[in-house]
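Participant: Below is the file target-v8.tsv, which contains TSV, C-alpha atoms.
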```
chain	number	residue	atom	x	y	z
A	22	CYS	CA	0.00	0.00	0.00
A	23	ASN	CA	1.31	3.41	-0.99
A	24	PRO	CA	-0.28	5.89	1.46
A	25	VAL	CA	-1.58	9.11	-0.08
A	26	ASP	CA	-3.82	11.94	1.10
A	27	VAL	CA	-7.50	11.04	1.36
A	28	SER	CA	-9.28	11.93	-1.89
A	29	SER	CA	-12.88	12.92	-2.54
A	30	ASP	CA	-13.76	9.45	-3.83
A	31	SER	CA	-12.83	7.78	-0.53
A	32	VAL	CA	-15.66	5.97	1.24
A	33	TRP	CA	-14.08	6.97	4.58
A	34	THR	CA	-14.64	10.21	6.49
A	35	VAL	CA	-11.77	11.68	8.49
A	36	LYS	CA	-13.49	12.52	11.76
A	37	GLN	CA	-13.08	15.80	13.61
A	38	GLY	CA	-13.66	17.01	17.15
A	39	THR	CA	-13.50	14.47	19.98
A	40	HIS	CA	-14.82	11.01	20.80
A	41	PRO	CA	-15.89	9.70	24.25
A	42	SER	CA	-13.20	7.01	24.05
A	43	CYS	CA	-10.43	9.48	23.17
A	44	SER	CA	-11.24	13.05	24.13
A	45	SER	CA	-7.74	14.54	24.21
A	46	PRO	CA	-6.03	15.47	21.93
A	47	SER	CA	-8.66	16.30	19.29
A	48	LEU	CA	-9.22	13.71	16.58
A	49	ASN	CA	-6.68	13.44	13.75
A	50	THR	CA	-4.86	16.68	14.63
A	51	ARG	CA	-1.36	15.24	15.08
A	52	SER	CA	-1.09	12.44	12.51
A	53	ARG	CA	-3.48	12.58	9.55
A	54	PRO	CA	-5.24	9.48	8.17
A	55	LYS	CA	-4.30	8.43	4.64
A	56	MET	CA	-5.61	6.00	2.02
A	57	CYS	CA	-3.91	3.47	-0.24
A	58	ASP	CA	-3.24	4.94	-3.66
A	59	GLY	CA	-5.98	3.82	-6.05
A	60	ASP	CA	-8.19	2.16	-3.39
A	61	PRO	CA	-11.11	4.36	-2.22
A	62	THR	CA	-12.22	1.60	0.17
A	63	SER	CA	-8.98	1.84	2.18
A	64	THR	CA	-8.02	3.76	5.29
A	65	VAL	CA	-4.52	4.07	6.74
A	66	LEU	CA	-4.06	5.19	10.34
A	67	ALA	CA	-0.35	5.63	11.03
A	68	MET	CA	1.11	7.51	13.98
A	69	ASP	CA	3.97	9.80	12.95
A	70	ARG	CA	5.79	8.93	16.17
A	71	PRO	CA	5.00	7.62	19.69
A	72	GLN	CA	2.82	10.37	21.14
A	73	ALA	CA	-0.63	11.05	22.55
A	74	GLU	CA	-2.93	10.50	19.60
A	75	CYS	CA	-6.61	10.05	18.72
A	76	MET	CA	-7.04	8.75	15.15
A	77	TYR	CA	-10.48	7.87	13.82
A	78	THR	CA	-12.16	7.32	10.44
A	79	ALA	CA	-15.65	6.04	9.63
A	80	MET	CA	-17.85	5.27	6.61
A	81	ASP	CA	-20.32	8.08	7.28
A	82	ASP	CA	-21.57	8.08	3.69
A	83	CYS	CA	-21.87	4.28	3.32
A	84	ARG	CA	-24.20	3.05	6.04
A	85	PHE	CA	-26.12	-0.23	5.91
A	86	ASN	CA	-29.19	-1.68	7.57
A	87	MET	CA	-28.32	-4.70	9.68
A	88	HIS	CA	-31.46	-6.58	8.62
A	89	ASP	CA	-30.16	-6.57	5.02
A	90	PHE	CA	-26.43	-6.92	5.71
A	91	LYS	CA	-24.86	-10.24	4.71
A	92	THR	CA	-21.03	-10.16	4.62
A	93	LEU	CA	-17.97	-7.97	5.04
A	94	GLU	CA	-14.55	-8.75	3.54
A	95	ALA	CA	-11.35	-6.73	3.96
A	96	ASP	CA	-7.59	-7.02	3.94
A	97	VAL	CA	-6.19	-5.75	7.22
A	98	SER	CA	-2.75	-5.22	8.71
A	99	TRP	CA	-1.12	-3.54	11.68
A	100	ASP	CA	2.43	-3.01	12.89
A	101	GLY	CA	4.01	-1.61	16.05
A	102	CYS	CA	0.72	-1.81	17.96
A	103	GLU	CA	1.78	-3.81	21.04
A	104	GLY	CA	0.41	-2.08	24.12
A	105	TYR	CA	-1.89	0.28	22.21
A	106	TRP	CA	-5.67	0.46	22.29
A	107	ASN	CA	-6.52	0.23	18.61
A	108	CYS	CA	-9.38	-1.27	16.65
A	109	PRO	CA	-8.71	-1.68	12.92
A	110	THR	CA	-12.28	-2.80	12.14
A	111	TRP	CA	-15.47	-2.27	14.11
A	112	ILE	CA	-19.09	-1.59	13.31
A	113	SER	CA	-21.30	0.59	15.42
A	114	PRO	CA	-24.88	1.81	15.02
A	115	ASP	CA	-25.89	5.35	14.19
A	116	GLN	CA	-28.06	5.35	17.30
A	117	TRP	CA	-25.74	4.17	20.07
A	118	ILE	CA	-27.83	3.57	23.19
A	119	ALA	CA	-26.23	2.56	26.50
A	120	PRO	CA	-25.27	0.29	28.10
A	121	GLN	CA	-22.33	-0.68	25.92
A	122	GLY	CA	-23.07	-4.41	25.86
A	123	GLU	CA	-26.60	-3.80	24.55
A	124	SER	CA	-25.74	-1.00	22.13
A	125	GLY	CA	-25.01	-3.16	19.09
A	126	GLU	CA	-21.40	-2.04	18.80
A	127	TYR	CA	-19.29	-4.91	17.49
A	128	ASP	CA	-15.50	-4.68	17.59
A	129	MET	CA	-14.19	-7.34	15.20
A	130	ILE	CA	-10.49	-6.72	15.95
A	131	GLU	CA	-9.76	-4.84	19.17
A	132	ASN	CA	-6.25	-4.61	20.59
A	133	SER	CA	-6.88	-3.47	24.14
A	134	CYS	CA	-4.45	-1.96	26.59
A	135	GLY	CA	-5.65	-4.70	28.94
A	136	GLY	CA	-3.47	-7.16	27.05
A	137	LYS	CA	-5.84	-9.02	24.71
A	138	LEU	CA	-6.55	-9.02	20.99
A	139	ALA	CA	-10.19	-9.95	20.64
A	140	ALA	CA	-13.52	-9.62	18.89
A	141	ASN	CA	-15.87	-7.95	21.35
A	142	ARG	CA	-19.57	-7.24	21.54
A	143	GLY	CA	-19.03	-4.02	23.42
A	144	TRP	CA	-16.30	-3.84	26.04
A	145	PRO	CA	-14.01	-6.88	26.42
A	146	HIS	CA	-15.18	-7.67	29.97
A	147	LEU	CA	-18.76	-8.16	28.76
A	148	GLY	CA	-20.10	-11.29	27.08
A	149	ASP	CA	-20.02	-12.46	23.47
A	150	ASN	CA	-16.24	-12.08	23.12
A	151	HIS	CA	-13.64	-14.13	21.24
A	152	GLU	CA	-9.91	-13.80	21.87
A	153	TRP	CA	-7.64	-14.00	18.79
A	154	THR	CA	-5.09	-16.21	20.55
A	155	GLY	CA	-3.24	-17.22	17.38
A	156	ILE	CA	-2.79	-13.67	16.03
A	157	ASP	CA	0.17	-11.39	16.87
A	158	ARG	CA	-0.96	-8.25	18.71
A	159	ASN	CA	2.05	-6.23	17.57
A	160	SER	CA	2.25	-7.02	13.87
A	161	TRP	CA	-0.01	-9.01	11.52
A	162	SER	CA	-1.24	-8.97	7.94
A	163	GLY	CA	-4.13	-10.94	6.47
A	164	HIS	CA	-7.86	-10.90	5.82
A	165	ILE	CA	-11.07	-10.58	7.83
A	166	THR	CA	-14.41	-12.17	6.92
A	167	MET	CA	-17.60	-11.35	8.82
A	168	GLN	CA	-20.96	-12.98	8.12
A	169	LYS	CA	-24.48	-12.63	9.52
A	170	ASP	CA	-27.19	-15.26	9.45
A	171	ASP	CA	-30.92	-14.63	9.02
A	172	GLU	CA	-31.39	-14.44	12.80
A	173	GLY	CA	-28.88	-11.62	13.21
A	174	ARG	CA	-26.08	-13.75	14.68
A	175	MET	CA	-22.56	-12.78	13.65
A	176	GLN	CA	-19.47	-14.85	13.02
A	177	VAL	CA	-16.02	-13.56	12.14
A	178	GLY	CA	-12.63	-15.05	11.26
A	179	LEU	CA	-9.10	-13.92	10.41
A	180	CYS	CA	-6.90	-15.74	7.89
A	181	GLU	CA	-3.65	-15.28	6.02
A	182	GLY	CA	-3.65	-14.02	2.44
A	183	THR	CA	-6.35	-12.03	0.73
A	184	GLY	CA	-9.35	-14.19	1.67
A	185	PRO	CA	-12.17	-14.72	1.89
A	186	CYS	CA	-11.69	-16.74	5.08
A	187	ASP	CA	-13.43	-20.11	5.23
A	188	LEU	CA	-15.30	-19.95	8.53
A	189	THR	CA	-16.03	-23.69	8.41
A	190	THR	CA	-12.34	-24.61	8.74
A	191	SER	CA	-9.66	-24.24	11.40
A	192	LEU	CA	-8.26	-20.69	11.32
A	193	PRO	CA	-5.18	-19.33	13.15
A	194	GLY	CA	-7.23	-17.47	15.75
A	195	GLY	CA	-10.32	-19.66	15.62
A	196	VAL	CA	-13.75	-18.34	14.64
A	197	GLY	CA	-15.75	-15.92	16.74
A	198	ARG	CA	-19.37	-17.06	16.82
A	199	TYR	CA	-21.92	-15.13	18.82
A	200	PRO	CA	-25.21	-16.66	19.93
A	201	SER	CA	-27.00	-13.39	20.68
A	202	SER	CA	-28.61	-11.49	17.81
A	203	LEU	CA	-27.79	-7.91	16.86
A	204	TYR	CA	-31.51	-7.55	16.17
A	205	ASP	CA	-32.00	-7.68	19.94
A	206	SER	CA	-29.61	-4.76	20.52
A	207	LYS	CA	-31.01	-1.35	21.36
A	208	ALA	CA	-29.83	-0.12	17.95
A	209	CYS	CA	-32.64	-2.22	16.42
A	210	THR	CA	-35.25	-2.35	19.19
A	211	GLN	CA	-35.10	1.40	19.85
A	212	GLY	CA	-33.22	2.69	16.77
A	213	ASP	CA	-33.35	2.25	13.00
A	214	CYS	CA	-30.89	-0.70	12.90
A	215	THR	CA	-28.37	1.20	10.77
A	216	TRP	CA	-24.61	0.60	11.16
A	217	GLN	CA	-21.35	1.77	9.62
A	218	LEU	CA	-17.76	0.52	9.54
A	219	ARG	CA	-15.16	2.39	11.63
A	220	SER	CA	-11.42	2.29	12.42
A	221	ASP	CA	-9.45	3.90	15.24
A	222	ILE	CA	-6.29	4.23	17.30
A	223	TRP	CA	-7.22	5.47	20.78
A	224	ASN	CA	-3.98	6.64	22.38
A	225	GLY	CA	-5.18	9.77	24.13
A	226	THR	CA	-4.52	11.25	27.54
A	227	SER	CA	-8.20	11.19	28.46
A	228	GLY	CA	-11.37	9.44	27.38
A	229	SER	CA	-12.98	6.13	28.28
A	230	GLU	CA	-12.68	5.01	31.89
A	231	MET	CA	-11.85	1.54	30.56
A	232	CYS	CA	-8.48	2.47	29.11
A	233	HIS	CA	-6.39	5.61	29.13
A	234	ALA	CA	-3.89	4.25	26.66
A	235	TYR	CA	-1.17	6.88	26.36
A	236	ASP	CA	2.16	5.70	27.78
A	237	PRO	CA	5.12	8.08	27.34
A	238	SER	CA	7.56	5.18	27.64
A	239	PHE	CA	6.45	3.64	24.31
A	240	THR	CA	9.04	3.64	21.53
A	241	ASN	CA	6.80	1.98	18.92
A	242	ALA	CA	4.31	3.92	16.78
A	243	CYS	CA	1.15	2.03	15.80
A	244	LYS	CA	0.11	1.77	12.14
A	245	GLN	CA	-2.93	-0.03	10.72
A	246	THR	CA	-4.33	-0.40	7.22
A	247	ILE	CA	-7.72	-1.64	5.98
A	248	ARG	CA	-8.12	-2.07	2.23
A	249	ASN	CA	-10.03	-3.94	-0.48
A	250	VAL	CA	-13.19	-3.61	1.60
A	251	LYS	CA	-16.29	-5.31	0.19
A	252	ILE	CA	-19.65	-5.14	1.97
A	253	ASP	CA	-22.73	-7.06	0.86
A	254	LYS	CA	-25.64	-5.06	2.25
A	255	GLY	CA	-28.33	-6.98	0.37
A	256	THR	CA	-28.65	-4.49	-2.51
A	257	PRO	CA	-25.92	-2.88	-4.66
A	258	TRP	CA	-24.14	0.24	-3.47
A	259	SER	CA	-24.26	3.34	-5.66
A	260	GLY	CA	-22.30	6.58	-6.03
A	261	LYS	CA	-18.85	6.51	-4.49
A	262	CYS	CA	-19.98	3.65	-2.21
A	263	ALA	CA	-20.18	1.44	-5.34
A	264	ALA	CA	-16.50	0.68	-4.70
A	265	LEU	CA	-17.74	-1.57	-1.87
A	266	ASN	CA	-19.64	-3.87	-4.24
A	267	LYS	CA	-18.18	-7.37	-4.64
```
Could you rewrite the structure in this file as structure tokens?

Facilitator:
Amino acid sequence: CNPVDVSSDSVWTVKQGTHPSCSSPSLNTRSRPKMCDGDPTSTVLAMDRPQAECMYTAMDDCRFNMHDFKTLEADVSWDGCEGYWNCPTWISPDQWIAPQGESGEYDMIENSCGGKLAANRGWPHLGDNHEWTGIDRNSWSGHITMQKDDEGRMQVGLCEGTGPCDLTTSLPGGVGRYPSSLYDSKACTQGDCTWQLRSDIWNGTSGSEMCHAYDPSFTNACKQTIRNVKIDKGTPWSGKCAALNK
């Protein structure tokens, strides 16, 4: 991937302001997100150096209804991320209603400062979690496949290469399968059941009570890349989001 400035055809929005999980410094004000040259579905979050940092991008213009969603495929990599709180791929609803475990947020790859790389339905200490025990927290490159069945139950796997991952076989980190349905989350029972894909590095000096990640002793700078993203939302995408069609 050759990182370049984010162009107008990118499906990702470079977020501004603050986020509850990383409220200081302001989002994307120290290191700026990039994209892979020629791939509007990609987002590159790369810290310029070890420092307090809040990096965050999201597909604001390419939302999908969870009732119609079928699959998500993407190539993903990270490097120098040991000890950081970063989440290369996560989906979260437009209408996020507390508590966290009932909100519908789904973190497919979350590297927490608590020491685990996992797929989490909300915070790692809540239920419906799967630890990626066979995947290197500091540096890894491969593919993610996420699927939803007709009942709203998700399953996700990581595999080497460009995928798609075969979720019926033995994968390096196993397969995360979740018995509870996203249709039962507050995003669907009290909201409009609309989600979007997001990516972040939370390394701020303030934010979520779960993890204040900034550590001035770090010598490594976290970098993560998501590219070749394909999302089957039940009907074809249009406009610039058409790049997400399989």

Participant: Please identify all polymer residues within 9 Å of segment 125-142 of chain A, counting only C-alpha atoms, omitting same-chain residues fewer than 2 positions from it, and present them as a PDB file with C-alpha atoms, in the frame of the given file.

Facilitator:
```pdb
ATOM      1  CA  CYS A 102       0.720  -1.810  17.960  1.00  0.00           C
ATOM      2  CA  GLU A 103       1.780  -3.810  21.040  1.00  0.00           C
ATOM      3  CA  GLY A 104       0.410  -2.080  24.120  1.00  0.00           C
ATOM      4  CA  TYR A 105      -1.890   0.280  22.210  1.00  0.00           C
ATOM      5  CA  TRP A 106      -5.670   0.460  22.290  1.00  0.00           C
ATOM      6  CA  ASN A 107      -6.520   0.230  18.610  1.00  0.00           C
ATOM      7  CA  CYS A 108      -9.380  -1.270  16.650  1.00  0.00           C
ATOM      8  CA  PRO A 109      -8.710  -1.680  12.920  1.00  0.00           C
ATOM      9  CA  THR A 110     -12.280  -2.800  12.140  1.00  0.00           C
ATOM     10  CA  TRP A 111     -15.470  -2.270  14.110  1.00  0.00           C
ATOM     11  CA  ILE A 112     -19.090  -1.590  13.310  1.00  0.00           C
ATOM     12  CA  SER A 113     -21.300   0.590  15.420  1.00  0.00           C
ATOM     13  CA  PRO A 114     -24.880   1.810  15.020  1.00  0.00           C
ATOM     14  CA  TRP A 117     -25.740   4.170  20.070  1.00  0.00           C
ATOM     15  CA  ILE A 118     -27.830   3.570  23.190  1.00  0.00           C
ATOM     16  CA  GLN A 121     -22.330  -0.680  25.920  1.00  0.00           C
ATOM     17  CA  GLY A 122     -23.070  -4.410  25.860  1.00  0.00           C
ATOM     18  CA  GLU A 123     -26.600  -3.800  24.550  1.00  0.00           C
ATOM     19  CA  TRP A 144     -16.300  -3.840  26.040  1.00  0.00           C
ATOM     20  CA  PRO A 145     -14.010  -6.880  26.420  1.00  0.00           C
ATOM     21  CA  HIS A 146     -15.180  -7.670  29.970  1.00  0.00           C
ATOM     22  CA  LEU A 147     -18.760  -8.160  28.760  1.00  0.00           C
ATOM     23  CA  GLY A 148     -20.100 -11.290  27.080  1.00  0.00           C
ATOM     24  CA  ASP A 149     -20.020 -12.460  23.470  1.00  0.00           C
ATOM     25  CA  ASN A 150     -16.240 -12.080  23.120  1.00  0.00           C
ATOM     26  CA  HIS A 151     -13.640 -14.130  21.240  1.00  0.00           C
ATOM     27  CA  GLU A 152      -9.910 -13.800  21.870  1.00  0.00           C
ATOM     28  CA  TRP A 153      -7.640 -14.000  18.790  1.00  0.00           C
ATOM     29  CA  THR A 154      -5.090 -16.210  20.550  1.00  0.00           C
ATOM     30  CA  ILE A 156      -2.790 -13.670  16.030  1.00  0.00           C
ATOM     31  CA  ASP A 157       0.170 -11.390  16.870  1.00  0.00           C
ATOM     32  CA  ARG A 158      -0.960  -8.250  18.710  1.00  0.00           C
ATOM     33  CA  ASN A 159       2.050  -6.230  17.570  1.00  0.00           C
ATOM     34  CA  ILE A 165     -11.070 -10.580   7.830  1.00  0.00           C
ATOM     35  CA  MET A 167     -17.600 -11.350   8.820  1.00  0.00           C
ATOM     36  CA  VAL A 177     -16.020 -13.560  12.140  1.00  0.00           C
ATOM     37  CA  GLY A 178     -12.630 -15.050  11.260  1.00  0.00           C
ATOM     38  CA  GLY A 197     -15.750 -15.920  16.740  1.00  0.00           C
ATOM     39  CA  TYR A 199     -21.920 -15.130  18.820  1.00  0.00           C
ATOM     40  CA  LEU A 203     -27.790  -7.910  16.860  1.00  0.00           C
ATOM     41  CA  TYR A 204     -31.510  -7.550  16.170  1.00  0.00           C
ATOM     42  CA  ASP A 205     -32.000  -7.680  19.940  1.00  0.00           C
ATOM     43  CA  SER A 206     -29.610  -4.760  20.520  1.00  0.00           C
ATOM     44  CA  LYS A 207     -31.010  -1.350  21.360  1.00  0.00           C
ATOM     45  CA  ALA A 208     -29.830  -0.120  17.950  1.00  0.00           C
ATOM     46  CA  CYS A 209     -32.640  -2.220  16.420  1.00  0.00           C
ATOM     47  CA  CYS A 214     -30.890  -0.700  12.900  1.00  0.00           C
ATOM     48  CA  TRP A 216     -24.610   0.600  11.160  1.00  0.00           C
ATOM     49  CA  MET A 231     -11.850   1.540  30.560  1.00  0.00           C
ATOM     50  CA  CYS A 232      -8.480   2.470  29.110  1.00  0.00           C
ATOM     51  CA  HIS A 233      -6.390   5.610  29.130  1.00  0.00           C
ATOM     52  CA  ALA A 234      -3.890   4.250  26.660  1.00  0.00           C
TER      53      ALA A 234
END
```

Participant: Would you mind listing what lies within 6 Å of segment 35-49 of chain A as a list in words, with all atoms listed in the file counted and same-chain residues fewer than 6 positions away left out?

Facilitator: Cys75, Met76, Tyr77, Thr78, Trp223, Gly225, Thr226, Ser227, Gly228 and Ser229 of chain A

Participant: Kindly indicate which residue among A:Arg70, A:Asp26, A:Pro61, A:Phe90 lies nearest to Pro257 of chain A, using only C-alpha atoms for the distances.

Facilitator: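 Using only C-alpha atoms, Pro257 of chain A sits closest to A:Phe90.
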
Participant: Counting only C-alpha atoms, select every polymer residue within 7 Å of (-7.4, -2.5, -5.4) as defined in the file's coordinates, and provide the selection as a list in words.

Facilitator: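 Residues with an atom close enough to that point: Gly59, Asp60 and Asn249 of chain A.
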
Participant: Would you work out the distance separating atom CA of Val27 of chain A from atom CA of Phe85 of chain A, expressed in Å to one decimal?

Facilitator: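 Going from atom CA of Val27 of chain A over to atom CA of Phe85 of chain A, I get 22.2 Å.
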
Participant: Atom CA of Glu94 of chain A and atom CA of Lys254 of chain A are how many Å apart?

Facilitator: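 If I compute the distance from atom CA of Glu94 of chain A to atom CA of Lys254 of chain A, I get 11.8 Å.
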
Participant: Separation of atom CA of Thr166 of chain A and atom CA of Trp99 of chain A, in Å?

Facilitator: 16.5 Å

Participant: Please provide as a count of residues only all residues within 10 Å of Ser63 of chain A, with the sequence filter that same-chain residues fewer than 6 positions apart are discarded (counting only C-alpha atoms).

Facilitator: 17

Participant: Pick out the closest residue to Gly173 of chain A from this set: A:Asp115, A:Asp253, A:Asp30, A:Asp89. Count only C-alpha atoms.

Facilitator: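 Smallest distance to Gly173 of chain A is found for A:Asp89.
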
Participant: I'd like the neighbourhood of Lys91 of chain A as a list of chain:residue names, where a residue qualifies if any of its atoms comes within 8 Å (using only C-alpha atoms), though same-chain residues fewer than 6 positions away should be ignored.

Facilitator: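 Neighbouring residues, sequence-local ones excluded: A:Gln168, A:Lys169, A:Asp170, A:Ile252, A:Asp253, A:Lys254, A:Gly255.
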
Participant: For a quick check of understanding, using all atoms listed in the file, which of A:Lys251, A:Gln245, A:Thr92, A:Thr189 has the smallest distance to Lys267 of chain A?

Facilitator: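 Result for the nearest residue to Lys267 of chain A: A:Lys251.
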